[in-house]
Amino acid sequence: MQHPHPHSPTPEPAPAPAQNRPGPPAHRRRRRTAVLAASVAVTALVGAGLTTLATDSAEAATARQVERLDRGVVSVHTDSGNLVSWRWLGTDPNDVSFNVYRAGTKVNSTPVSGSTNFFHSGAPAQADYTVRAVVGGAEQADSVHAVQLRTGYKDVPITPPAGGTTPDGVAYTYEANDVSVGDLDGDGALEFVLKWYPTNAKDNSQSGYTGNTVVDAVKLDGTRLWRVDLGRNIRSGAHYTQFQVYDYDGDGKAEVAMKTADGTRDGTGAVIGSSSADHRNSSGYVLAGPEFLTMFNGQTGKAMGTVDYVPARGTVSSWGDSYGNRVDRFLAGTAYLDGTRPSLVMARGYYTRTVIAAWDWRNGAFTRRWTFDTSSSTNSGKGYDGQGNHSLSVADVDADGKDEIVYGAMTVDDNGNGLWTTKLGHGDAGHLGDLVPSRAGLEYFKVSEDTSKPGSWMADARTGQILWQTASGADNGRGVAADIYAGSAGAEAWSASDTTLRSATGASLGREPSSINFVTWWDGDPVRELLDGTRIDKYGTSGDTRLLTASGVHSNNGTKSTPSLSGDILGDWREEVVWPTSNNTALRIYSTPVETGTKITTLLHDTQYRTALAWQNTAYNQPPHPSFFIGNGMATAPRPTVYTP
């Protein structure tokens, strides 16, 4: 069946009027709201290259909508027994404790209260575990059964699409690429949404045809729920398809949003637009034809709503070149722009002009909240052009209860107005979190491509004020900020063109880590580990210690060497890593086998972290950071203020 062609694209329309967006009914809302009363005052900094435009008054923050998750119990087998771990949910009481059962027999002597893991010594790999919460002395019902990582990992079967041949006679096959997660069917367990790349996927700067990008939804047991084929009119590569998986309408089931085009085939086989249209030019670029934004049903893959993509490409050369490189640079994210419910953020451009459109998906329809355009009369000439990264971050940087979009060297407020710009330009990597816990609020660490600008810098995420910076003179392609060294307070930062590990205040700490890529919480302490390629290492001042070498898997995205996904998706607050197997027939999930005494609410219920998992697949993947500091000497982790549909 073929869908009617959506209305033809028009020049960027004015934003649609905002609809009333009531919060959840009182009887459905968790009565655990808190007030964030932070007076926001933004000060112009003379001589810092900083422009600030908008301020927000303090507002009361209500509970945020999050997934209604099950316990996520996981059992990781080692030579000594099984590490069983599970989620402390944001909706659990502060004083909840847990009992662990193997095949109905309790294996712990006293309820587990100081953590959410238990090591069952001597148990076999196939031991079957459940967990029961204890609330007010009363034991609750059994949890779901543990996901068993009998060899230290679990394989989720996947099936590659059939390969093909491009119009110029080049054959291609498929490789598993980036993954996101969401509860697609409402059962409390997360499913995988997997992007398949053809082996001839291209960077925007490279000409040539590519195969189609294909997206699958897969359950933990390998059941494929649906497959979407984006068609010949969506080119394949890191900058074309940024997919968002989130429950936007609050029905308890996640949706999937993607840019689509003529010939996209949804999970039911229905075609969006024209099935026969071929808008590719002789160089393989797609510089003509309609562009759409589609919301897919997470359970069936059905296209539920399709609108014109905002912004339209317009004149290709207006984005920085005439052959199709910069016009097709897309970013995407999810943000709680009203402070309570998630909105979809889709963007285009960052080398010159940047346009960001915010959408609500409510009652089966798209409504555009706002559009930020650096070329508009409001923003033109104010230093917002050319400030984007190859990724974005989302957080409530000004403590008003609503999320902002940190796009690189500039930030857009929750209402679509520019908040600040440092005018320090484009870069590949950025990290947003409570990187300096001795300071109030969040910080942002970024590297720069412009050789006339600082190679890297740390800024106050509320104002953009530069806290420290490193020397200019190099195209600094990589950088990371995280607490990887217990010997220095807060997060450390390091980058490709710098020669030292930096403290949270920019001081030299000596030897840099062996990798400049991802980080993960893996072992028993709250200090983060290094994740690069198919290995995990522990930083040390004289050398790094190998904690995991994954076998039979591959990393993704060329020199970026990223996993399909890294994040807290099962068990306690520590992070799993998902790589595709070398033959692309499974997604291999690794989870830590190390016991911890640290108790933190599942990071899936920290919305800054959860939205970071959603945007992790965007362009040059970056690791997620929560809204609070996790690391050496950390304060007691805060509990989130959330409700579930």
# chains A, B, ... in the order shown; residues from 1 in each chain; ligands from 1
>>> closest_atom_pairs(of="range 382-492 of chain A", to="range 365-369 of chain A", cutoff="12 Å", atoms="only C-alpha atoms", output="JSON lines")
{"residue": "A:Asp414", "atom": "CA", "partner": "A:Arg369", "partner_atom": "CA", "distance": 10.0}
{"residue": "A:Asn415", "atom": "CA", "partner": "A:Arg369", "partner_atom": "CA", "distance": 8.2}
{"residue": "A:Gly416", "atom": "CA", "partner": "A:Arg369", "partner_atom": "CA", "distance": 8.3}
{"residue": "A:Asn417", "atom": "CA", "partner": "A:Arg369", "partner_atom": "CA", "distance": 11.8}
>>> write_last_selection(atoms="C-alpha atoms", output="mmCIF file, in the first residue's frame")
data_model
loop_
_atom_site.group_PDB
_atom_site.id
_atom_site.type_symbol
_atom_site.label_atom_id
_atom_site.label_comp_id
_atom_site.auth_asym_id
_atom_site.auth_seq_id
_atom_site.Cartn_x
_atom_site.Cartn_y
_atom_site.Cartn_z
ATOM 1 C CA ASP A 414 13.888 25.913 26.246
ATOM 2 C CA ASN A 415 11.701 28.561 24.518
ATOM 3 C CA GLY A 416 13.721 28.586 21.303
ATOM 4 C CA ASN A 417 15.644 31.785 22.011
#
>>> residues_around(residues="range 353-356 of chain A", least_positions_apart="3", cutoff="7 Å", atoms="only C-alpha atoms", output="ChimeraX atom specification")
/A:311,319,345-350,371-375,385-386
>>> residues_around(residues="Gly305 in chain A", least_positions_apart="5", cutoff="9 Å", atoms="only C-alpha atoms", output="mmCIF file with C-alpha atoms, in the first residue's frame")
data_model
loop_
_atom_site.group_PDB
_atom_site.id
_atom_site.type_symbol
_atom_site.label_atom_id
_atom_site.label_comp_id
_atom_site.auth_asym_id
_atom_site.auth_seq_id
_atom_site.Cartn_x
_atom_site.Cartn_y
_atom_site.Cartn_z
ATOM 1 C CA LEU A 293 9.862 13.938 9.342
ATOM 2 C CA THR A 294 7.998 10.778 10.345
ATOM 3 C CA MET A 295 6.915 9.391 13.700
ATOM 4 C CA PHE A 296 6.802 5.600 13.680
ATOM 5 C CA GLY A 364 -1.298 11.286 17.087
ATOM 6 C CA ALA A 365 -0.072 14.522 15.548
ATOM 7 C CA PHE A 366 2.990 16.749 15.279
#
>>> residues_around(residues="Leu225 in chain A", least_positions_apart="6", cutoff="7 Å", atoms="only C-alpha atoms", output="ChimeraX atom specification")
/A:217-218,299-300
>>> residues_around(residues="Ile600 in chain A", least_positions_apart="5", cutoff="10 Å", atoms="only C-alpha atoms", output="PDB file with all heavy atoms, in the first residue's frame")
ATOM      1  N   ARG A  87      17.624  -2.775  39.070  1.00  0.00           N
ATOM      2  CA  ARG A  87      17.366  -1.333  39.088  1.00  0.00           C
ATOM      3  C   ARG A  87      16.728  -0.878  40.393  1.00  0.00           C
ATOM      4  O   ARG A  87      15.780  -1.500  40.882  1.00  0.00           O
ATOM      5  CB  ARG A  87      16.409  -0.958  37.949  1.00  0.00           C
ATOM      6  CG  ARG A  87      16.940  -1.189  36.555  1.00  0.00           C
ATOM      7  CD  ARG A  87      15.870  -0.889  35.501  1.00  0.00           C
ATOM      8  NE  ARG A  87      16.382  -1.136  34.152  1.00  0.00           N
ATOM      9  CZ  ARG A  87      15.710  -1.776  33.195  1.00  0.00           C
ATOM     10  NH1 ARG A  87      14.491  -2.237  33.436  1.00  0.00           N
ATOM     11  NH2 ARG A  87      16.258  -1.934  32.012  1.00  0.00           N
ATOM     12  N   TRP A  88      17.230   0.218  40.915  1.00  0.00           N
ATOM     13  CA  TRP A  88      16.536   0.997  41.933  1.00  0.00           C
ATOM     14  C   TRP A  88      15.781   2.066  41.160  1.00  0.00           C
ATOM     15  O   TRP A  88      16.369   2.999  40.611  1.00  0.00           O
ATOM     16  CB  TRP A  88      17.540   1.608  42.908  1.00  0.00           C
ATOM     17  CG  TRP A  88      16.938   2.377  44.045  1.00  0.00           C
ATOM     18  CD1 TRP A  88      15.672   2.284  44.542  1.00  0.00           C
ATOM     19  CD2 TRP A  88      17.601   3.366  44.845  1.00  0.00           C
ATOM     20  NE1 TRP A  88      15.492   3.138  45.596  1.00  0.00           N
ATOM     21  CE2 TRP A  88      16.657   3.819  45.804  1.00  0.00           C
ATOM     22  CE3 TRP A  88      18.883   3.902  44.852  1.00  0.00           C
ATOM     23  CZ2 TRP A  88      16.978   4.806  46.746  1.00  0.00           C
ATOM     24  CZ3 TRP A  88      19.202   4.876  45.796  1.00  0.00           C
ATOM     25  CH2 TRP A  88      18.250   5.317  46.733  1.00  0.00           C
ATOM     26  N   LEU A  89      14.481   1.924  41.076  1.00  0.00           N
ATOM     27  CA  LEU A  89      13.670   2.796  40.230  1.00  0.00           C
ATOM     28  C   LEU A  89      13.447   4.153  40.876  1.00  0.00           C
ATOM     29  O   LEU A  89      13.408   4.281  42.105  1.00  0.00           O
ATOM     30  CB  LEU A  89      12.321   2.131  39.936  1.00  0.00           C
ATOM     31  CG  LEU A  89      12.399   0.763  39.242  1.00  0.00           C
ATOM     32  CD1 LEU A  89      11.029   0.103  39.216  1.00  0.00           C
ATOM     33  CD2 LEU A  89      12.959   0.908  37.831  1.00  0.00           C
ATOM     34  N   GLY A  90      13.257   5.154  40.045  1.00  0.00           N
ATOM     35  CA  GLY A  90      12.964   6.491  40.551  1.00  0.00           C
ATOM     36  C   GLY A  90      11.664   6.560  41.317  1.00  0.00           C
ATOM     37  O   GLY A  90      11.453   7.470  42.122  1.00  0.00           O
ATOM     38  N   GLY A 114      22.237  -1.456  50.947  1.00  0.00           N
ATOM     39  CA  GLY A 114      23.266  -0.470  50.626  1.00  0.00           C
ATOM     40  C   GLY A 114      23.688  -0.445  49.181  1.00  0.00           C
ATOM     41  O   GLY A 114      24.540   0.348  48.786  1.00  0.00           O
ATOM     42  N   SER A 115      23.091  -1.307  48.369  1.00  0.00           N
ATOM     43  CA  SER A 115      23.410  -1.366  46.941  1.00  0.00           C
ATOM     44  C   SER A 115      22.250  -2.049  46.238  1.00  0.00           C
ATOM     45  O   SER A 115      21.245  -2.400  46.872  1.00  0.00           O
ATOM     46  CB  SER A 115      24.702  -2.155  46.701  1.00  0.00           C
ATOM     47  OG  SER A 115      24.490  -3.529  46.985  1.00  0.00           O
ATOM     48  N   THR A 116      22.387  -2.259  44.948  1.00  0.00           N
ATOM     49  CA  THR A 116      21.386  -3.046  44.213  1.00  0.00           C
ATOM     50  C   THR A 116      22.105  -4.143  43.437  1.00  0.00           C
ATOM     51  O   THR A 116      21.849  -4.360  42.247  1.00  0.00           O
ATOM     52  CB  THR A 116      20.536  -2.164  43.278  1.00  0.00           C
ATOM     53  OG1 THR A 116      21.400  -1.401  42.426  1.00  0.00           O
ATOM     54  CG2 THR A 116      19.651  -1.234  44.069  1.00  0.00           C
ATOM     55  N   ASP A 572      22.100  -2.662  37.814  1.00  0.00           N
ATOM     56  CA  ASP A 572      22.238  -1.456  38.620  1.00  0.00           C
ATOM     57  C   ASP A 572      22.710  -0.283  37.760  1.00  0.00           C
ATOM     58  O   ASP A 572      22.674  -0.349  36.521  1.00  0.00           O
ATOM     59  CB  ASP A 572      23.136  -1.719  39.833  1.00  0.00           C
ATOM     60  CG  ASP A 572      24.575  -2.106  39.467  1.00  0.00           C
ATOM     61  OD1 ASP A 572      25.073  -1.690  38.403  1.00  0.00           O
ATOM     62  OD2 ASP A 572      25.212  -2.830  40.266  1.00  0.00           O
ATOM     63  N   TRP A 573      23.178   0.778  38.393  1.00  0.00           N
ATOM     64  CA  TRP A 573      23.474   2.039  37.727  1.00  0.00           C
ATOM     65  C   TRP A 573      24.681   1.997  36.794  1.00  0.00           C
ATOM     66  O   TRP A 573      24.876   2.903  35.981  1.00  0.00           O
ATOM     67  CB  TRP A 573      23.718   3.125  38.778  1.00  0.00           C
ATOM     68  CG  TRP A 573      24.821   2.770  39.743  1.00  0.00           C
ATOM     69  CD1 TRP A 573      24.697   2.031  40.885  1.00  0.00           C
ATOM     70  CD2 TRP A 573      26.208   3.110  39.629  1.00  0.00           C
ATOM     71  NE1 TRP A 573      25.933   1.890  41.493  1.00  0.00           N
ATOM     72  CE2 TRP A 573      26.874   2.550  40.750  1.00  0.00           C
ATOM     73  CE3 TRP A 573      26.946   3.847  38.700  1.00  0.00           C
ATOM     74  CZ2 TRP A 573      28.246   2.685  40.955  1.00  0.00           C
ATOM     75  CZ3 TRP A 573      28.323   3.981  38.908  1.00  0.00           C
ATOM     76  CH2 TRP A 573      28.947   3.409  40.019  1.00  0.00           C
ATOM     77  N   ARG A 574      25.479   0.946  36.889  1.00  0.00           N
ATOM     78  CA  ARG A 574      26.657   0.877  36.022  1.00  0.00           C
ATOM     79  C   ARG A 574      26.262   0.525  34.590  1.00  0.00           C
ATOM     80  O   ARG A 574      25.143   0.085  34.329  1.00  0.00           O
ATOM     81  CB  ARG A 574      27.669  -0.086  36.611  1.00  0.00           C
ATOM     82  CG  ARG A 574      28.271   0.483  37.894  1.00  0.00           C
ATOM     83  CD  ARG A 574      29.053  -0.523  38.663  1.00  0.00           C
ATOM     84  NE  ARG A 574      28.228  -1.658  39.089  1.00  0.00           N
ATOM     85  CZ  ARG A 574      28.725  -2.771  39.588  1.00  0.00           C
ATOM     86  NH1 ARG A 574      30.033  -2.922  39.701  1.00  0.00           N
ATOM     87  NH2 ARG A 574      27.921  -3.744  39.980  1.00  0.00           N
ATOM     88  N   ILE A 630      28.960  11.794  39.501  1.00  0.00           N
ATOM     89  CA  ILE A 630      29.303  10.455  39.966  1.00  0.00           C
ATOM     90  C   ILE A 630      30.817  10.328  39.855  1.00  0.00           C
ATOM     91  O   ILE A 630      31.382  10.478  38.770  1.00  0.00           O
ATOM     92  CB  ILE A 630      28.628   9.354  39.132  1.00  0.00           C
ATOM     93  CG1 ILE A 630      27.102   9.474  39.202  1.00  0.00           C
ATOM     94  CG2 ILE A 630      29.070   7.972  39.606  1.00  0.00           C
ATOM     95  CD1 ILE A 630      26.367   8.440  38.357  1.00  0.00           C
ATOM     96  N   THR A 636      25.956  11.913  48.308  1.00  0.00           N
ATOM     97  CA  THR A 636      24.887  10.942  48.108  1.00  0.00           C
ATOM     98  C   THR A 636      24.107  11.318  46.853  1.00  0.00           C
ATOM     99  O   THR A 636      23.698  12.470  46.687  1.00  0.00           O
ATOM    100  CB  THR A 636      23.943  10.913  49.316  1.00  0.00           C
ATOM    101  OG1 THR A 636      24.702  10.555  50.470  1.00  0.00           O
ATOM    102  CG2 THR A 636      22.820   9.911  49.110  1.00  0.00           C
ATOM    103  N   ALA A 637      23.939  10.357  45.965  1.00  0.00           N
ATOM    104  CA  ALA A 637      23.263  10.648  44.701  1.00  0.00           C
ATOM    105  C   ALA A 637      21.825  11.092  44.955  1.00  0.00           C
ATOM    106  O   ALA A 637      21.116  10.486  45.769  1.00  0.00           O
ATOM    107  CB  ALA A 637      23.281   9.422  43.801  1.00  0.00           C
ATOM    108  N   PRO A 638      21.360  12.142  44.275  1.00  0.00           N
ATOM    109  CA  PRO A 638      19.990  12.610  44.477  1.00  0.00           C
ATOM    110  C   PRO A 638      18.978  11.635  43.885  1.00  0.00           C
ATOM    111  O   PRO A 638      19.294  10.868  42.980  1.00  0.00           O
ATOM    112  CB  PRO A 638      19.972  13.943  43.717  1.00  0.00           C
ATOM    113  CG  PRO A 638      21.007  13.777  42.650  1.00  0.00           C
ATOM    114  CD  PRO A 638      22.087  12.936  43.266  1.00  0.00           C
ATOM    115  N   ARG A 639      17.782  11.661  44.412  1.00  0.00           N
ATOM    116  CA  ARG A 639      16.678  10.888  43.837  1.00  0.00           C
ATOM    117  C   ARG A 639      15.955  11.744  42.817  1.00  0.00           C
ATOM    118  O   ARG A 639      15.740  12.940  43.032  1.00  0.00           O
ATOM    119  CB  ARG A 639      15.671  10.474  44.922  1.00  0.00           C
ATOM    120  CG  ARG A 639      16.187   9.619  46.058  1.00  0.00           C
ATOM    121  CD  ARG A 639      16.773   8.269  45.648  1.00  0.00           C
ATOM    122  NE  ARG A 639      16.023   7.503  44.675  1.00  0.00           N
ATOM    123  CZ  ARG A 639      14.908   6.798  44.912  1.00  0.00           C
ATOM    124  NH1 ARG A 639      14.373   6.773  46.121  1.00  0.00           N
ATOM    125  NH2 ARG A 639      14.332   6.109  43.952  1.00  0.00           N
TER     126      ARG A 639
END
>>> closest_residue(among="A:Ala504, A:Ala270, A:Val447, A:Ala125", to="Tyr153 in chain A", atoms="only C-alpha atoms")
A:Ala125
>>> closest_residue(among="A:Val228, A:Ala619, A:Ala146, A:Leu604", to="Ala332 in chain A", atoms="only C-alpha atoms")
A:Ala619
>>> select_by_dssp(residues="range 75-281 of chain A", states="strand (DSSP E or B)", output="PyMOL selection string")
chain A and resi 75-78+81-85+97-102+105-106+112+117-121+129-135+138-142+147-149+153-157+164-165+171-172+174-182+191-198+214-218+224-229+244-246+255-261+265+271+280
>>> closest_residue(among="A:Thr62, A:Thr130, A:Thr602, A:Thr585", to="Asp568 in chain A", atoms="only C-alpha atoms")
A:Thr602
>>> residues_around(residues="Thr500 in chain A", least_positions_apart="5", cutoff="7 Å", atoms="only C-alpha atoms", output="PyMOL selection string")
chain A and resi 494+508-512
>>> residues_around(residues="Tyr172 in chain A", least_positions_apart="3", cutoff="12 Å", atoms="only C-alpha atoms", output="PyMOL selection string")
chain A and resi 160-169+175+197-201+209-213
>>> closest_residue(among="A:Thr562, A:Thr352, A:Ser282, A:Ser514", to="Glu529 in chain A", atoms="only C-alpha atoms")
A:Ser514
>>> atom_distance(atom1="CA of Leu570 in chain A", atom2="CA of His390 in chain A")
28.1 Å
>>> atom_distance(atom1="CA of Val147 in chain A", atom2="CA of Gly552 in chain A")
20.7 Å
>>> closest_residue(among="A:Trp359, A:Tyr407, A:Phe119, A:Tyr285", to="Thr618 in chain A", atoms="only C-alpha atoms")
A:Tyr407
>>> closest_residue(among="A:Leu220, A:Pro563, A:Tyr444, A:Ala614", to="Thr334 in chain A", atoms="only C-alpha atoms")
A:Ala614
>>> select_by_dssp(residues="range 487-615 of chain A", states="helix (DSSP H, G or I)", output="list in words")
Gly558, Thr559, Lys560, Leu603, Leu604, His605, Thr607, Gln608, Tyr609, Arg610, Thr611, Ala612, Leu613, Ala614 and Trp615 of chain A
>>> write_last_selection(atoms="C-alpha atoms", output="short mmCIF file (atom, residue, chain, number, x, y, z; two decimals), in the first residue's frame")
data_model
loop_
_atom_site.label_atom_id
_atom_site.label_comp_id
_atom_site.auth_asym_id
_atom_site.auth_seq_id
_atom_site.Cartn_x
_atom_site.Cartn_y
_atom_site.Cartn_z
CA GLY A 558 35.57 4.10 11.51
CA THR A 559 38.21 5.94 13.49
CA LYS A 560 35.59 6.88 16.11
CA LEU A 603 20.31 6.33 35.43
CA LEU A 604 17.41 5.68 33.05
CA HIS A 605 15.30 7.75 35.46
CA THR A 607 16.30 12.52 32.43
CA GLN A 608 19.56 14.25 31.46
CA TYR A 609 21.18 10.82 31.21
CA ARG A 610 18.14 9.23 29.55
CA THR A 611 17.94 11.87 26.84
CA ALA A 612 21.72 11.47 26.34
CA LEU A 613 21.16 7.79 25.59
CA ALA A 614 18.55 8.89 23.05
CA TRP A 615 20.92 11.31 21.27
#
>>> closest_atom_pairs(of="range 347-408 of chain A", to="range 418-422 of chain A", cutoff="8 Å", atoms="only C-alpha atoms", output="CSV")
residue,atom,partner,partner_atom,distance
A:Phe372,CA,A:Gly418,CA,7.8
A:Asn379,CA,A:Gly418,CA,7.5
A:Gly383,CA,A:Thr421,CA,6.4
A:Tyr384,CA,A:Thr421,CA,6.2
A:Gln387,CA,A:Thr421,CA,7.8
>>> write_last_selection(atoms="all heavy atoms", output="PDB file, in the first residue's frame")
ATOM      1  N   PHE A 372      14.395  27.712  15.869  1.00  0.00           N
ATOM      2  CA  PHE A 372      15.535  28.609  16.056  1.00  0.00           C
ATOM      3  C   PHE A 372      16.337  28.612  14.763  1.00  0.00           C
ATOM      4  O   PHE A 372      16.743  27.562  14.273  1.00  0.00           O
ATOM      5  CB  PHE A 372      16.406  28.124  17.216  1.00  0.00           C
ATOM      6  CG  PHE A 372      17.702  28.881  17.376  1.00  0.00           C
ATOM      7  CD1 PHE A 372      17.761  30.021  18.172  1.00  0.00           C
ATOM      8  CD2 PHE A 372      18.866  28.456  16.728  1.00  0.00           C
ATOM      9  CE1 PHE A 372      18.952  30.721  18.322  1.00  0.00           C
ATOM     10  CE2 PHE A 372      20.053  29.146  16.876  1.00  0.00           C
ATOM     11  CZ  PHE A 372      20.096  30.287  17.669  1.00  0.00           C
ATOM     12  N   ASN A 379      18.245  36.485  15.262  1.00  0.00           N
ATOM     13  CA  ASN A 379      19.530  35.897  15.626  1.00  0.00           C
ATOM     14  C   ASN A 379      20.697  36.302  14.736  1.00  0.00           C
ATOM     15  O   ASN A 379      21.857  36.106  15.112  1.00  0.00           O
ATOM     16  CB  ASN A 379      19.408  34.368  15.604  1.00  0.00           C
ATOM     17  CG  ASN A 379      18.385  33.855  16.593  1.00  0.00           C
ATOM     18  OD1 ASN A 379      18.328  34.297  17.729  1.00  0.00           O
ATOM     19  ND2 ASN A 379      17.557  32.924  16.149  1.00  0.00           N
ATOM     20  N   GLY A 383      26.375  35.956  16.523  1.00  0.00           N
ATOM     21  CA  GLY A 383      27.412  34.992  16.856  1.00  0.00           C
ATOM     22  C   GLY A 383      26.950  33.571  17.017  1.00  0.00           C
ATOM     23  O   GLY A 383      27.673  32.758  17.607  1.00  0.00           O
ATOM     24  N   TYR A 384      25.761  33.237  16.485  1.00  0.00           N
ATOM     25  CA  TYR A 384      25.271  31.864  16.593  1.00  0.00           C
ATOM     26  C   TYR A 384      25.608  31.016  15.367  1.00  0.00           C
ATOM     27  O   TYR A 384      25.561  29.785  15.439  1.00  0.00           O
ATOM     28  CB  TYR A 384      23.757  31.860  16.826  1.00  0.00           C
ATOM     29  CG  TYR A 384      23.368  32.337  18.210  1.00  0.00           C
ATOM     30  CD1 TYR A 384      22.925  33.627  18.434  1.00  0.00           C
ATOM     31  CD2 TYR A 384      23.480  31.485  19.300  1.00  0.00           C
ATOM     32  CE1 TYR A 384      22.576  34.069  19.704  1.00  0.00           C
ATOM     33  CE2 TYR A 384      23.139  31.909  20.583  1.00  0.00           C
ATOM     34  CZ  TYR A 384      22.691  33.204  20.767  1.00  0.00           C
ATOM     35  OH  TYR A 384      22.365  33.628  22.034  1.00  0.00           O
ATOM     36  N   GLN A 387      28.526  27.550  15.011  1.00  0.00           N
ATOM     37  CA  GLN A 387      28.935  27.169  16.369  1.00  0.00           C
ATOM     38  C   GLN A 387      28.585  25.728  16.733  1.00  0.00           C
ATOM     39  O   GLN A 387      28.789  25.313  17.867  1.00  0.00           O
ATOM     40  CB  GLN A 387      28.287  28.116  17.389  1.00  0.00           C
ATOM     41  CG  GLN A 387      28.579  29.585  17.174  1.00  0.00           C
ATOM     42  CD  GLN A 387      30.065  29.892  17.174  1.00  0.00           C
ATOM     43  OE1 GLN A 387      30.794  29.469  18.060  1.00  0.00           O
ATOM     44  NE2 GLN A 387      30.519  30.611  16.164  1.00  0.00           N
TER      45      GLN A 387
END
>>> atom_distance(atom1="CA of Val193 in chain A", atom2="CA of Ser393 in chain A")
20.3 Å
